[in-house]
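**Q** Please see the structure below; I have some questions.
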Amino acid sequence: MRVDFYLLSSDTAPSAIAALATKVRQADKRLLVVANDLPLLEETSQALWESSPEAFLANGIAGDEHDAMQPILLSDDVDPANGATFLLIADGLWREPGDHFERVLFLFDQQTIDGARLTWKALQDREGMERKFWKQQGGRWVEGP
């Protein structure tokens, strides 16, 4: 499994999530976005719908009969009810992804950076684990040291 650590500095979480979700959907993958913050999930849903006309990032917040059909599902639970193979942790609070996912996108900011550092170290020795660190530079994500 690959875990990509994304340090937010210039974009809001919802706009960064929309950019990352665009890439996931371009790869024809399903995405589960997780946060324990309903207002963040609602703002993210709106950002996904409004991101760009050519992207069309259809999504829904978990909890209704359409969860399984959503290409992007927003939830407070890491259970991929939509069959997602990509997990995006949106609130900077690490959750164990389980075996459902091939890739985890872990967003964090200055308020959650200490926890992200601990998670980076904790994943260091796990077999089959690849880690990458990304930071924002000039409106783009660049791989960090």
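Letters A, B, ... mark the chains of the structure tokens in the order given; residue numbers begin at 1 per chain; ligand numbers begin at 1, in order shown.
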Counting only C-alpha atoms, what is within 8 Å of range 95-101 of chain A, bar same-chain residues fewer than 2 positions away, as a ChimeraX atom specification?

**A** /A:1,78,80,84-87,89,93,103-104

**Q** Could you pull out the residues in chain A that DSSP calls strand (DSSP E or B) from the backbone, as a VMD selection string?

**A** chain A and resid 2 to 7 31 to 34 60 to 61 72 to 75 86 to 89 103 to 108 130 to 137 140 to 143

**Q** Report, in Å with one decimal, the straight-line distance from CA of Asn36 in chain A to CA of Ile72 in chain A.

**A** 16.6 Å

**Q** Considering only helix (DSSP H, G or I) as DSSP defines it on the backbone, what residues of range 46-114 of chain A qualify? List them as an NGL selection string.

**A** :A and (46-50 or 67-69 or 113-114)

**Q** Write a file of the just-selected residues containing C-alpha atoms, as a compact mmCIF listing (two decimals), in the first residue's frame.

**A**
# COMPACT_ATOMS: atom_id res chain seq x y z
CA GLN A 46 -19.91 21.46 -2.49
CA ALA A 47 -16.31 21.99 -3.66
CA LEU A 48 -16.43 18.70 -5.58
CA TRP A 49 -19.66 19.67 -7.34
CA GLU A 50 -18.35 23.14 -8.21
CA ASP A 67 -23.78 5.00 -1.14
CA ALA A 68 -22.70 2.00 -3.22
CA MET A 69 -23.17 3.95 -6.48
CA ILE A 113 1.39 18.14 11.73
CA ASP A 114 2.59 16.49 14.96

**Q** May I have the residues within 7 Å of Leu8 in chain A as number ranges by chain, using only C-alpha atoms and disregarding those fewer than 2 positions away in the same chain?

**A** A: 6, 10-11, 107-109, 135-136

**Q** Nearest to Ser9 in chain A: which of A:Arg140, A:Lys23, A:Lys121, A:His66 is it, counting only C-alpha atoms?

**A**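 Ranked by minimum distance to Ser9 in chain A, first place goes to A:Arg140.
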